[in-house]
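Written below as structure tokens is the structure these notes are about.
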Amino acid sequence: MNNRIISYNTLAEIQARKDELRTEIRKKSEQIGTTWNSLFAPQKASTRGELVTSIISNSITAFDAFMLVRKLMSRYGSLFRGRKKR
């Protein structure tokens, strides 16, 4: 980041800078979106062995996530339960 101080004298200058920042944010948002989609896009299995490996890996991941949630809910579930109204 630049550590330079910019002074704005008119509303038009402020609006122009605001528009520049908005386009910059949109570009970075699109870049983040494409990177995110490329990271989490399912990959096609080219062979039967890769397909079976993928299914097993996804099953283990789902089971692990289920066990983690179960463990967390047993320890910290009281935080998420509502208090009884009298």
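Here's how to read the names in the structure tokens: chain A, B, ... by the order shown, residue numbers from 1 in each chain, ligand numbers from 1 in the order shown.
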- Message: Residues of chain A classed as helix (DSSP H, G or I) by DSSP on the backbone are to be reported as an MDAnalysis selection string.
- Response: chainID A and resid 11:40 48:79
- Task: In Å, rounded to a single decimal, give me how far CA of Ala12 in chain A is from CA of Lys27 in chain A.
- Result: 22.7 Å
